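To be precise, the following lines are protein-v5.txt, and they hold compact mmCIF, N, CA and C atoms.
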# COMPACT_ATOMS: atom_id res chain seq x y z
N MET A 58 2.30 -9.87 -38.19
CA MET A 58 2.17 -9.57 -36.77
C MET A 58 0.75 -9.12 -36.50
N THR A 59 0.14 -9.64 -35.44
CA THR A 59 -1.23 -9.27 -35.12
C THR A 59 -1.28 -7.87 -34.54
N ALA A 60 -2.47 -7.28 -34.60
CA ALA A 60 -2.64 -5.91 -34.09
C ALA A 60 -2.38 -5.86 -32.58
N THR A 61 -2.84 -6.89 -31.85
CA THR A 61 -2.63 -6.90 -30.40
C THR A 61 -1.16 -6.99 -30.07
N ARG A 62 -0.45 -7.88 -30.77
CA ARG A 62 0.98 -8.03 -30.51
C ARG A 62 1.73 -6.74 -30.85
N SER A 63 1.36 -6.08 -31.93
CA SER A 63 2.07 -4.86 -32.31
C SER A 63 1.81 -3.74 -31.29
N ARG A 64 0.60 -3.70 -30.68
CA ARG A 64 0.33 -2.69 -29.66
C ARG A 64 1.15 -2.94 -28.40
N ARG A 65 1.47 -4.21 -28.12
CA ARG A 65 2.25 -4.55 -26.93
C ARG A 65 3.72 -4.15 -27.09
N THR A 66 4.18 -4.05 -28.31
CA THR A 66 5.60 -3.77 -28.53
C THR A 66 5.85 -2.45 -29.23
N ASP A 67 4.79 -1.67 -29.46
CA ASP A 67 5.03 -0.39 -30.12
C ASP A 67 5.77 0.53 -29.17
N PRO A 68 6.51 1.49 -29.68
CA PRO A 68 7.34 2.36 -28.84
C PRO A 68 6.56 3.09 -27.74
N LEU A 69 5.35 3.53 -28.03
CA LEU A 69 4.57 4.24 -27.02
C LEU A 69 4.23 3.31 -25.85
N THR A 70 3.77 2.10 -26.14
CA THR A 70 3.45 1.13 -25.09
C THR A 70 4.69 0.82 -24.26
N LEU A 71 5.81 0.60 -24.91
CA LEU A 71 7.04 0.32 -24.19
C LEU A 71 7.45 1.49 -23.31
N GLU A 72 7.27 2.70 -23.79
CA GLU A 72 7.60 3.88 -22.98
C GLU A 72 6.68 3.97 -21.76
N VAL A 73 5.38 3.72 -21.96
CA VAL A 73 4.43 3.78 -20.85
C VAL A 73 4.79 2.72 -19.80
N VAL A 74 5.14 1.51 -20.25
CA VAL A 74 5.54 0.46 -19.32
C VAL A 74 6.77 0.88 -18.52
N GLU A 75 7.74 1.47 -19.18
CA GLU A 75 8.95 1.95 -18.49
C GLU A 75 8.61 3.05 -17.48
N LEU A 76 7.71 3.94 -17.86
CA LEU A 76 7.31 5.02 -16.95
C LEU A 76 6.57 4.47 -15.73
N ILE A 77 5.72 3.48 -15.93
CA ILE A 77 5.03 2.84 -14.81
C ILE A 77 6.07 2.23 -13.87
N GLY A 78 7.05 1.56 -14.43
CA GLY A 78 8.11 0.98 -13.62
C GLY A 78 8.87 2.03 -12.83
N ALA A 79 9.14 3.16 -13.46
CA ALA A 79 9.85 4.25 -12.77
C ALA A 79 9.01 4.82 -11.63
N VAL A 80 7.72 4.97 -11.85
CA VAL A 80 6.82 5.48 -10.81
C VAL A 80 6.79 4.50 -9.63
N VAL A 81 6.66 3.22 -9.92
CA VAL A 81 6.61 2.20 -8.87
C VAL A 81 7.92 2.21 -8.07
N ALA A 82 9.04 2.25 -8.76
CA ALA A 82 10.34 2.24 -8.08
C ALA A 82 10.49 3.48 -7.20
N ARG A 83 10.09 4.62 -7.71
CA ARG A 83 10.21 5.85 -6.95
C ARG A 83 9.29 5.85 -5.73
N TYR A 84 8.08 5.33 -5.90
CA TYR A 84 7.14 5.22 -4.78
C TYR A 84 7.71 4.32 -3.69
N HIS A 85 8.23 3.15 -4.09
CA HIS A 85 8.81 2.24 -3.11
C HIS A 85 10.01 2.86 -2.39
N GLN A 86 10.83 3.59 -3.13
CA GLN A 86 11.99 4.24 -2.51
C GLN A 86 11.52 5.25 -1.47
N GLU A 87 10.55 6.08 -1.82
CA GLU A 87 10.06 7.09 -0.88
C GLU A 87 9.38 6.41 0.32
N TYR A 88 8.67 5.33 0.08
CA TYR A 88 7.99 4.62 1.16
C TYR A 88 9.00 4.02 2.12
N GLU A 89 10.07 3.42 1.57
CA GLU A 89 11.12 2.83 2.41
C GLU A 89 11.82 3.91 3.24
N GLU A 90 12.08 5.07 2.63
CA GLU A 90 12.72 6.17 3.36
C GLU A 90 11.82 6.70 4.47
N ALA A 91 10.52 6.83 4.18
CA ALA A 91 9.58 7.30 5.20
C ALA A 91 9.50 6.28 6.34
N ALA A 92 9.47 5.00 6.01
CA ALA A 92 9.42 3.94 7.03
C ALA A 92 10.67 4.00 7.89
N ALA A 93 11.82 4.17 7.27
CA ALA A 93 13.09 4.20 8.01
C ALA A 93 13.13 5.37 8.99
N ARG A 94 12.53 6.49 8.63
CA ARG A 94 12.48 7.64 9.55
C ARG A 94 11.71 7.31 10.82
N HIS A 95 10.84 6.32 10.73
CA HIS A 95 10.07 5.87 11.90
C HIS A 95 10.64 4.57 12.47
N ARG A 96 11.86 4.22 12.04
CA ARG A 96 12.54 2.99 12.45
C ARG A 96 11.69 1.76 12.16
N LEU A 97 11.06 1.76 10.98
CA LEU A 97 10.26 0.63 10.51
C LEU A 97 10.84 0.12 9.20
N THR A 98 10.60 -1.16 8.93
CA THR A 98 10.90 -1.66 7.60
C THR A 98 9.73 -1.29 6.69
N GLY A 99 9.92 -1.40 5.41
CA GLY A 99 8.83 -1.14 4.47
C GLY A 99 7.65 -2.06 4.72
N ALA A 100 7.93 -3.33 5.01
CA ALA A 100 6.86 -4.30 5.27
C ALA A 100 6.09 -3.92 6.53
N GLN A 101 6.80 -3.52 7.57
CA GLN A 101 6.13 -3.10 8.81
C GLN A 101 5.25 -1.88 8.54
N ALA A 102 5.75 -0.94 7.77
CA ALA A 102 4.98 0.26 7.46
C ALA A 102 3.73 -0.08 6.65
N ARG A 103 3.84 -1.01 5.70
CA ARG A 103 2.68 -1.41 4.90
C ARG A 103 1.62 -2.08 5.78
N VAL A 104 2.05 -2.96 6.68
CA VAL A 104 1.09 -3.62 7.58
C VAL A 104 0.44 -2.59 8.48
N LEU A 105 1.21 -1.69 9.06
CA LEU A 105 0.66 -0.67 9.94
C LEU A 105 -0.33 0.22 9.18
N GLY A 106 0.03 0.61 7.96
CA GLY A 106 -0.87 1.43 7.15
C GLY A 106 -2.18 0.71 6.86
N LEU A 107 -2.10 -0.57 6.54
CA LEU A 107 -3.30 -1.36 6.26
C LEU A 107 -4.16 -1.46 7.52
N LEU A 108 -3.54 -1.74 8.65
CA LEU A 108 -4.29 -1.88 9.90
C LEU A 108 -4.89 -0.56 10.37
N SER A 109 -4.29 0.56 9.99
CA SER A 109 -4.84 1.84 10.41
C SER A 109 -6.18 2.11 9.73
N LEU A 110 -6.46 1.39 8.65
CA LEU A 110 -7.74 1.53 7.96
C LEU A 110 -8.80 0.61 8.56
N ASP A 111 -8.34 -0.60 9.02
CA ASP A 111 -9.28 -1.58 9.52
C ASP A 111 -8.52 -2.70 10.22
N PRO A 112 -8.81 -2.99 11.48
CA PRO A 112 -8.17 -4.13 12.14
C PRO A 112 -8.50 -5.42 11.37
N LEU A 113 -7.50 -6.30 11.23
CA LEU A 113 -7.68 -7.51 10.42
C LEU A 113 -7.01 -8.72 11.06
N PRO A 114 -7.55 -9.91 10.77
CA PRO A 114 -6.85 -11.14 11.16
C PRO A 114 -5.59 -11.30 10.30
N MET A 115 -4.61 -12.04 10.82
CA MET A 115 -3.33 -12.23 10.12
C MET A 115 -3.55 -12.75 8.69
N ARG A 116 -4.44 -13.72 8.55
CA ARG A 116 -4.65 -14.33 7.24
C ARG A 116 -5.12 -13.30 6.21
N GLN A 117 -6.00 -12.39 6.62
CA GLN A 117 -6.48 -11.35 5.70
C GLN A 117 -5.38 -10.35 5.37
N ILE A 118 -4.55 -10.03 6.35
CA ILE A 118 -3.42 -9.13 6.08
C ILE A 118 -2.52 -9.78 5.03
N ALA A 119 -2.20 -11.04 5.23
CA ALA A 119 -1.34 -11.77 4.29
C ALA A 119 -1.96 -11.81 2.90
N HIS A 120 -3.26 -12.06 2.84
CA HIS A 120 -3.94 -12.11 1.54
C HIS A 120 -3.86 -10.76 0.83
N ARG A 121 -4.13 -9.69 1.56
CA ARG A 121 -4.11 -8.34 0.94
C ARG A 121 -2.71 -7.93 0.50
N LEU A 122 -1.70 -8.35 1.25
CA LEU A 122 -0.32 -7.98 0.91
C LEU A 122 0.37 -9.05 0.08
N LYS A 123 -0.37 -10.12 -0.23
CA LYS A 123 0.13 -11.20 -1.08
C LYS A 123 1.43 -11.81 -0.54
N CYS A 124 1.36 -12.25 0.71
CA CYS A 124 2.51 -12.91 1.32
C CYS A 124 2.02 -14.01 2.26
N GLU A 125 2.95 -14.72 2.84
CA GLU A 125 2.62 -15.83 3.72
C GLU A 125 2.16 -15.34 5.10
N PRO A 126 1.13 -15.99 5.67
CA PRO A 126 0.68 -15.58 7.01
C PRO A 126 1.79 -15.65 8.06
N SER A 127 2.72 -16.59 7.94
CA SER A 127 3.81 -16.66 8.92
C SER A 127 4.68 -15.41 8.89
N ASN A 128 4.85 -14.82 7.71
CA ASN A 128 5.60 -13.55 7.62
C ASN A 128 4.86 -12.44 8.36
N ILE A 129 3.55 -12.41 8.21
CA ILE A 129 2.74 -11.37 8.86
C ILE A 129 2.80 -11.51 10.37
N THR A 130 2.80 -12.74 10.86
CA THR A 130 2.88 -12.96 12.30
C THR A 130 4.14 -12.32 12.87
N GLY A 131 5.27 -12.52 12.20
CA GLY A 131 6.53 -11.92 12.66
C GLY A 131 6.51 -10.41 12.60
N ILE A 132 5.93 -9.87 11.55
CA ILE A 132 5.84 -8.41 11.41
C ILE A 132 4.95 -7.84 12.51
N VAL A 133 3.80 -8.47 12.74
CA VAL A 133 2.89 -7.99 13.78
C VAL A 133 3.55 -8.12 15.16
N ASP A 134 4.29 -9.21 15.38
CA ASP A 134 5.02 -9.35 16.65
C ASP A 134 5.94 -8.15 16.89
N ARG A 135 6.70 -7.77 15.86
CA ARG A 135 7.64 -6.65 16.02
C ARG A 135 6.89 -5.31 16.22
N LEU A 136 5.78 -5.13 15.50
CA LEU A 136 4.99 -3.91 15.69
C LEU A 136 4.36 -3.88 17.09
N GLU A 137 3.98 -5.04 17.58
CA GLU A 137 3.40 -5.13 18.92
C GLU A 137 4.45 -4.79 19.97
N THR A 138 5.67 -5.28 19.78
CA THR A 138 6.77 -4.98 20.71
C THR A 138 7.03 -3.48 20.77
N ARG A 139 6.86 -2.80 19.64
CA ARG A 139 7.06 -1.34 19.58
C ARG A 139 5.87 -0.56 20.12
N GLY A 140 4.78 -1.25 20.46
CA GLY A 140 3.60 -0.56 20.97
C GLY A 140 2.75 0.07 19.89
N LEU A 141 2.92 -0.37 18.64
CA LEU A 141 2.17 0.21 17.53
C LEU A 141 0.93 -0.59 17.16
N VAL A 142 0.92 -1.87 17.56
CA VAL A 142 -0.18 -2.77 17.21
C VAL A 142 -0.48 -3.63 18.43
N GLU A 143 -1.73 -4.04 18.55
CA GLU A 143 -2.09 -5.00 19.59
C GLU A 143 -3.03 -6.03 18.99
N ARG A 144 -3.00 -7.22 19.57
CA ARG A 144 -3.91 -8.28 19.15
C ARG A 144 -5.16 -8.20 20.02
N GLN A 145 -6.32 -8.34 19.37
CA GLN A 145 -7.60 -8.27 20.07
C GLN A 145 -8.50 -9.39 19.57
N PRO A 146 -9.47 -9.80 20.38
CA PRO A 146 -10.44 -10.78 19.87
C PRO A 146 -11.27 -10.12 18.76
N SER A 147 -11.59 -10.89 17.75
CA SER A 147 -12.43 -10.38 16.66
C SER A 147 -13.84 -10.16 17.16
N PRO A 148 -14.44 -9.03 16.84
CA PRO A 148 -15.83 -8.79 17.29
C PRO A 148 -16.80 -9.84 16.74
N GLY A 149 -16.52 -10.36 15.55
CA GLY A 149 -17.43 -11.33 14.92
C GLY A 149 -17.21 -12.76 15.37
N ASP A 150 -16.00 -13.08 15.83
CA ASP A 150 -15.67 -14.45 16.23
C ASP A 150 -14.55 -14.37 17.26
N ARG A 151 -14.89 -14.52 18.52
CA ARG A 151 -13.92 -14.31 19.59
C ARG A 151 -12.79 -15.34 19.59
N ARG A 152 -12.92 -16.40 18.78
CA ARG A 152 -11.83 -17.38 18.65
C ARG A 152 -10.71 -16.84 17.77
N VAL A 153 -11.05 -15.85 16.94
CA VAL A 153 -10.09 -15.26 16.00
C VAL A 153 -9.51 -13.99 16.61
N LYS A 154 -8.20 -13.82 16.45
CA LYS A 154 -7.54 -12.60 16.90
C LYS A 154 -7.34 -11.68 15.69
N VAL A 155 -7.54 -10.40 15.91
CA VAL A 155 -7.25 -9.41 14.87
C VAL A 155 -6.10 -8.54 15.37
N ALA A 156 -5.35 -8.03 14.44
CA ALA A 156 -4.31 -7.05 14.75
C ALA A 156 -4.93 -5.67 14.55
N ALA A 157 -4.76 -4.81 15.53
CA ALA A 157 -5.32 -3.46 15.47
C ALA A 157 -4.26 -2.47 15.90
N PRO A 158 -4.25 -1.30 15.28
CA PRO A 158 -3.25 -0.30 15.70
C PRO A 158 -3.60 0.30 17.05
N THR A 159 -2.57 0.63 17.80
CA THR A 159 -2.75 1.39 19.03
C THR A 159 -2.91 2.87 18.63
N GLU A 160 -3.14 3.73 19.60
CA GLU A 160 -3.20 5.16 19.28
C GLU A 160 -1.89 5.63 18.66
N GLU A 161 -0.78 5.15 19.22
CA GLU A 161 0.53 5.51 18.66
C GLU A 161 0.68 4.95 17.25
N GLY A 162 0.18 3.75 17.01
CA GLY A 162 0.23 3.15 15.68
C GLY A 162 -0.54 3.96 14.66
N VAL A 163 -1.71 4.45 15.05
CA VAL A 163 -2.50 5.30 14.16
C VAL A 163 -1.74 6.59 13.86
N ARG A 164 -1.11 7.17 14.88
CA ARG A 164 -0.34 8.41 14.68
C ARG A 164 0.82 8.18 13.72
N VAL A 165 1.55 7.07 13.91
CA VAL A 165 2.69 6.77 13.03
C VAL A 165 2.20 6.51 11.61
N ALA A 166 1.12 5.76 11.46
CA ALA A 166 0.58 5.47 10.12
C ALA A 166 0.18 6.76 9.41
N ARG A 167 -0.44 7.68 10.14
CA ARG A 167 -0.84 8.97 9.56
C ARG A 167 0.39 9.77 9.14
N SER A 168 1.40 9.77 10.00
CA SER A 168 2.64 10.49 9.69
C SER A 168 3.30 9.90 8.44
N LEU A 169 3.30 8.58 8.33
CA LEU A 169 3.86 7.94 7.13
C LEU A 169 3.11 8.39 5.89
N ARG A 170 1.78 8.32 5.95
CA ARG A 170 0.95 8.71 4.80
C ARG A 170 1.20 10.17 4.43
N ASP A 171 1.27 11.02 5.44
CA ASP A 171 1.46 12.45 5.18
C ASP A 171 2.82 12.78 4.58
N SER A 172 3.81 11.91 4.80
CA SER A 172 5.15 12.20 4.31
C SER A 172 5.39 11.72 2.88
N LEU A 173 4.43 11.03 2.29
CA LEU A 173 4.60 10.51 0.93
C LEU A 173 4.12 11.55 -0.08
N ASP A 174 5.00 12.46 -0.43
CA ASP A 174 4.65 13.55 -1.33
C ASP A 174 4.89 13.24 -2.80
N PHE A 175 5.68 12.21 -3.10
CA PHE A 175 6.10 11.97 -4.47
C PHE A 175 4.92 11.95 -5.44
N ALA A 176 3.90 11.16 -5.16
CA ALA A 176 2.77 11.09 -6.09
C ALA A 176 1.76 12.19 -5.84
N ARG A 177 1.61 12.60 -4.58
CA ARG A 177 0.57 13.57 -4.23
C ARG A 177 0.82 14.92 -4.89
N GLU A 178 2.06 15.38 -4.89
CA GLU A 178 2.33 16.71 -5.45
C GLU A 178 2.05 16.79 -6.95
N PRO A 179 2.55 15.85 -7.76
CA PRO A 179 2.22 15.94 -9.18
C PRO A 179 0.72 15.75 -9.45
N LEU A 180 0.07 14.89 -8.68
CA LEU A 180 -1.37 14.69 -8.88
C LEU A 180 -2.16 15.94 -8.55
N ALA A 181 -1.69 16.71 -7.58
CA ALA A 181 -2.38 17.95 -7.21
C ALA A 181 -2.37 18.95 -8.37
N GLY A 182 -1.41 18.81 -9.28
CA GLY A 182 -1.34 19.71 -10.43
C GLY A 182 -2.32 19.34 -11.54
N LEU A 183 -2.96 18.19 -11.40
CA LEU A 183 -3.96 17.78 -12.39
C LEU A 183 -5.33 18.27 -11.96
N SER A 184 -6.18 18.50 -12.94
CA SER A 184 -7.55 18.89 -12.61
C SER A 184 -8.28 17.69 -12.01
N HIS A 185 -9.41 17.96 -11.41
CA HIS A 185 -10.24 16.89 -10.84
C HIS A 185 -10.61 15.88 -11.93
N GLU A 186 -10.98 16.37 -13.09
CA GLU A 186 -11.37 15.50 -14.20
C GLU A 186 -10.19 14.65 -14.66
N GLU A 187 -8.99 15.24 -14.73
CA GLU A 187 -7.81 14.47 -15.12
C GLU A 187 -7.49 13.37 -14.11
N ARG A 188 -7.65 13.69 -12.82
CA ARG A 188 -7.41 12.66 -11.80
C ARG A 188 -8.43 11.54 -11.89
N LEU A 189 -9.68 11.87 -12.21
CA LEU A 189 -10.70 10.84 -12.38
C LEU A 189 -10.35 9.93 -13.55
N VAL A 190 -9.95 10.51 -14.66
CA VAL A 190 -9.57 9.72 -15.84
C VAL A 190 -8.36 8.85 -15.52
N PHE A 191 -7.37 9.42 -14.86
CA PHE A 191 -6.17 8.67 -14.49
C PHE A 191 -6.52 7.52 -13.55
N ARG A 192 -7.35 7.81 -12.54
CA ARG A 192 -7.79 6.76 -11.62
C ARG A 192 -8.50 5.64 -12.37
N ASP A 193 -9.39 6.01 -13.29
CA ASP A 193 -10.13 5.00 -14.03
C ASP A 193 -9.22 4.17 -14.94
N MET A 194 -8.20 4.80 -15.51
CA MET A 194 -7.24 4.04 -16.33
C MET A 194 -6.45 3.07 -15.46
N LEU A 195 -6.03 3.51 -14.29
CA LEU A 195 -5.31 2.61 -13.38
C LEU A 195 -6.20 1.45 -12.95
N ARG A 196 -7.46 1.73 -12.66
CA ARG A 196 -8.39 0.65 -12.30
C ARG A 196 -8.54 -0.35 -13.44
N ARG A 197 -8.64 0.14 -14.65
CA ARG A 197 -8.72 -0.77 -15.80
C ARG A 197 -7.48 -1.63 -15.92
N MET A 198 -6.32 -1.02 -15.68
CA MET A 198 -5.06 -1.78 -15.79
C MET A 198 -5.00 -2.91 -14.78
N ILE A 199 -5.50 -2.69 -13.56
CA ILE A 199 -5.43 -3.74 -12.56
C ILE A 199 -6.69 -4.60 -12.51
N GLY A 200 -7.65 -4.31 -13.38
CA GLY A 200 -8.82 -5.16 -13.50
C GLY A 200 -9.91 -4.91 -12.48
N THR A 201 -9.98 -3.69 -11.94
CA THR A 201 -11.04 -3.39 -10.97
C THR A 201 -11.98 -2.32 -11.47
N ALA A 202 -11.96 -2.04 -12.75
CA ALA A 202 -12.81 -0.98 -13.31
C ALA A 202 -14.28 -1.36 -13.23

Is it possible to give me this structure as structure tokens?
Amino acid sequence: MTATRSRRTDPLTLEVVELIGAVVARYHQEYEEAAARHRLTGAQARVLGLLSLDPLPMRQIAHRLKCEPSNITGIVDRLETRGLVERQPSPGDRRVKVAAPTEEGVRVARSLRDSLDFAREPLAGLSHEERLVFRDMLRRMIGTA
């Protein structure tokens, strides 16, 4: 057995993979519960959260969330009906429409972010240096280091 293969199947690696899975599942559960408190689906909450950082065209939203643009159109339609998002001409190209949060959309997105304590509380117990190391390890795992 090669050294690389043995590292992929050693008990410690398998435990870390399971723990990552548990963290992801718990994060998604808390995110869905927070979204539901605002009468949003998880997908609607993710789009609103993304738009609260920067208004974007549908295609870019779809690319960032790794889904089909037609799905994003429906999600934005529902957010627009709720008064949380509006379509605006793109400042760079008036032929392109961007989705942007309304004031209420920004408020809801902030409230959603503030209610996600699952990861924030344990991370607050780590030192600044530990959080930097953890962040850098996560970046390496996803290939953005």

So how far away is atom CA of Val104 of chain A from atom C of Glu178 of chain A, in Å?
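Computing it gives 25.1 Å between the two atoms.
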
Which residue out of A:Val133, A:Ala100, A:Val165, A:Ala119 has the minimum interatomic distance to Tyr88 of chain A when all atoms listed in the file are used?
A:Ala100

Name the residues of chain A that come out as strand (DSSP E or B) in a backbone DSSP run; write them as a PDB file with N, CA and C atoms, in the frame of the given file.
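Output contents, as saved in part26.pdb:
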ATOM      1  N   LEU A 113      -7.500  -6.300  11.230  1.00  0.00           N
ATOM      2  CA  LEU A 113      -7.680  -7.510  10.420  1.00  0.00           C
ATOM      3  C   LEU A 113      -7.010  -8.720  11.060  1.00  0.00           C
ATOM      4  N   VAL A 142       0.920  -1.870  17.560  1.00  0.00           N
ATOM      5  CA  VAL A 142      -0.180  -2.770  17.210  1.00  0.00           C
ATOM      6  C   VAL A 142      -0.480  -3.630  18.430  1.00  0.00           C
ATOM      7  N   GLU A 143      -1.730  -4.040  18.550  1.00  0.00           N
ATOM      8  CA  GLU A 143      -2.090  -5.000  19.590  1.00  0.00           C
ATOM      9  C   GLU A 143      -3.030  -6.030  18.990  1.00  0.00           C
ATOM     10  N   ARG A 144      -3.000  -7.220  19.570  1.00  0.00           N
ATOM     11  CA  ARG A 144      -3.910  -8.280  19.150  1.00  0.00           C
ATOM     12  C   ARG A 144      -5.160  -8.200  20.020  1.00  0.00           C
ATOM     13  N   GLN A 145      -6.320  -8.340  19.370  1.00  0.00           N
ATOM     14  CA  GLN A 145      -7.600  -8.270  20.070  1.00  0.00           C
ATOM     15  C   GLN A 145      -8.500  -9.390  19.570  1.00  0.00           C
ATOM     16  N   PRO A 146      -9.470  -9.800  20.380  1.00  0.00           N
ATOM     17  CA  PRO A 146     -10.440 -10.780  19.870  1.00  0.00           C
ATOM     18  C   PRO A 146     -11.270 -10.120  18.760  1.00  0.00           C
ATOM     19  N   LYS A 154      -8.200 -13.820  16.450  1.00  0.00           N
ATOM     20  CA  LYS A 154      -7.540 -12.600  16.900  1.00  0.00           C
ATOM     21  C   LYS A 154      -7.340 -11.680  15.690  1.00  0.00           C
ATOM     22  N   VAL A 155      -7.540 -10.400  15.910  1.00  0.00           N
ATOM     23  CA  VAL A 155      -7.250  -9.410  14.870  1.00  0.00           C
ATOM     24  C   VAL A 155      -6.100  -8.540  15.370  1.00  0.00           C
ATOM     25  N   ALA A 156      -5.350  -8.030  14.440  1.00  0.00           N
ATOM     26  CA  ALA A 156      -4.310  -7.050  14.750  1.00  0.00           C
ATOM     27  C   ALA A 156      -4.930  -5.670  14.550  1.00  0.00           C
ATOM     28  N   ALA A 157      -4.760  -4.810  15.530  1.00  0.00           N
ATOM     29  CA  ALA A 157      -5.320  -3.460  15.470  1.00  0.00           C
ATOM     30  C   ALA A 157      -4.260  -2.470  15.900  1.00  0.00           C
ATOM     31  N   PRO A 158      -4.250  -1.300  15.280  1.00  0.00           N
ATOM     32  CA  PRO A 158      -3.250  -0.300  15.700  1.00  0.00           C
ATOM     33  C   PRO A 158      -3.600   0.300  17.050  1.00  0.00           C
TER      34      PRO A 158
END

For segment 142-159 of chain A, work out the shell of residues within 6.5 Å, counting all atoms listed in the file and skipping chain neighbours fewer than 5 positions away, then give it as a PDB file with N, CA and C atoms, in the coordinates of the input.
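Resulting contents of part35.pdb:
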ATOM      1  N   LEU A 108      -3.540  -1.740   8.650  1.00  0.00           N
ATOM      2  CA  LEU A 108      -4.290  -1.880   9.900  1.00  0.00           C
ATOM      3  C   LEU A 108      -4.890  -0.560  10.370  1.00  0.00           C
ATOM      4  N   SER A 109      -4.290   0.560   9.990  1.00  0.00           N
ATOM      5  CA  SER A 109      -4.840   1.840  10.410  1.00  0.00           C
ATOM      6  C   SER A 109      -6.180   2.110   9.730  1.00  0.00           C
ATOM      7  N   ASP A 111      -8.340  -0.600   9.020  1.00  0.00           N
ATOM      8  CA  ASP A 111      -9.280  -1.580   9.520  1.00  0.00           C
ATOM      9  C   ASP A 111      -8.520  -2.700  10.220  1.00  0.00           C
ATOM     10  N   PRO A 112      -8.810  -2.990  11.480  1.00  0.00           N
ATOM     11  CA  PRO A 112      -8.170  -4.130  12.140  1.00  0.00           C
ATOM     12  C   PRO A 112      -8.500  -5.420  11.370  1.00  0.00           C
ATOM     13  N   LEU A 113      -7.500  -6.300  11.230  1.00  0.00           N
ATOM     14  CA  LEU A 113      -7.680  -7.510  10.420  1.00  0.00           C
ATOM     15  C   LEU A 113      -7.010  -8.720  11.060  1.00  0.00           C
ATOM     16  N   PRO A 114      -7.550  -9.910  10.770  1.00  0.00           N
ATOM     17  CA  PRO A 114      -6.850 -11.140  11.160  1.00  0.00           C
ATOM     18  C   PRO A 114      -5.590 -11.300  10.300  1.00  0.00           C
ATOM     19  N   MET A 115      -4.610 -12.040  10.820  1.00  0.00           N
ATOM     20  CA  MET A 115      -3.330 -12.230  10.120  1.00  0.00           C
ATOM     21  C   MET A 115      -3.550 -12.750   8.690  1.00  0.00           C
ATOM     22  N   LEU A 136       5.780  -5.130  15.500  1.00  0.00           N
ATOM     23  CA  LEU A 136       4.990  -3.910  15.690  1.00  0.00           C
ATOM     24  C   LEU A 136       4.360  -3.880  17.090  1.00  0.00           C
ATOM     25  N   GLU A 137       3.980  -5.040  17.580  1.00  0.00           N
ATOM     26  CA  GLU A 137       3.400  -5.130  18.920  1.00  0.00           C
ATOM     27  C   GLU A 137       4.450  -4.790  19.970  1.00  0.00           C
ATOM     28  N   ARG A 164      -1.110   7.170  14.880  1.00  0.00           N
ATOM     29  CA  ARG A 164      -0.340   8.410  14.680  1.00  0.00           C
ATOM     30  C   ARG A 164       0.820   8.180  13.720  1.00  0.00           C
TER      31      ARG A 164
END

Option closest in space to Thr130 of chain A, from A:Gln117, A:Ser168, A:Thr70, A:Gln86 [counting only C-alpha atoms]:
A:Gln117

Can you pull out the residues contacting segment 79-84 of chain A? Cut-off 8 Å, using all atoms listed in the file, and skip same-chain residues under 5 positions away; I want them as a ChimeraX atom specification.
/A:73-74,89-90,175-176

With 5 Å added on each side, what axis-aligned box encloses every listed atom of segment 153-163 of chain A? Give the centre and edge lengths in Å to one decimal, as lines of an AutoDock Vina configuration file.
center_x = -5.2
center_y = -4.6
center_z = 16.7
size_x = 21.7
size_y = 32.4
size_z = 15.7

Point-to-point distance in Å for atom CA of His95 of chain A and atom C of Leu107 of chain A:
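Distance reported for this atom pair: 16.6 Å.
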
Distance in Å - atom CA of Ala92 of chain A versus atom CA of Leu110 of chain A
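Atom CA of Leu110 of chain A lies at a distance of 17.4 Å from atom CA of Ala92 of chain A.
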
Apply DSSP to the backbone of this structure and, from segment 131-176 of chain A, keep only the residues in helix (DSSP H, G or I); write these as a ChimeraX atom specification.
/A:131-138,160-172,174-176
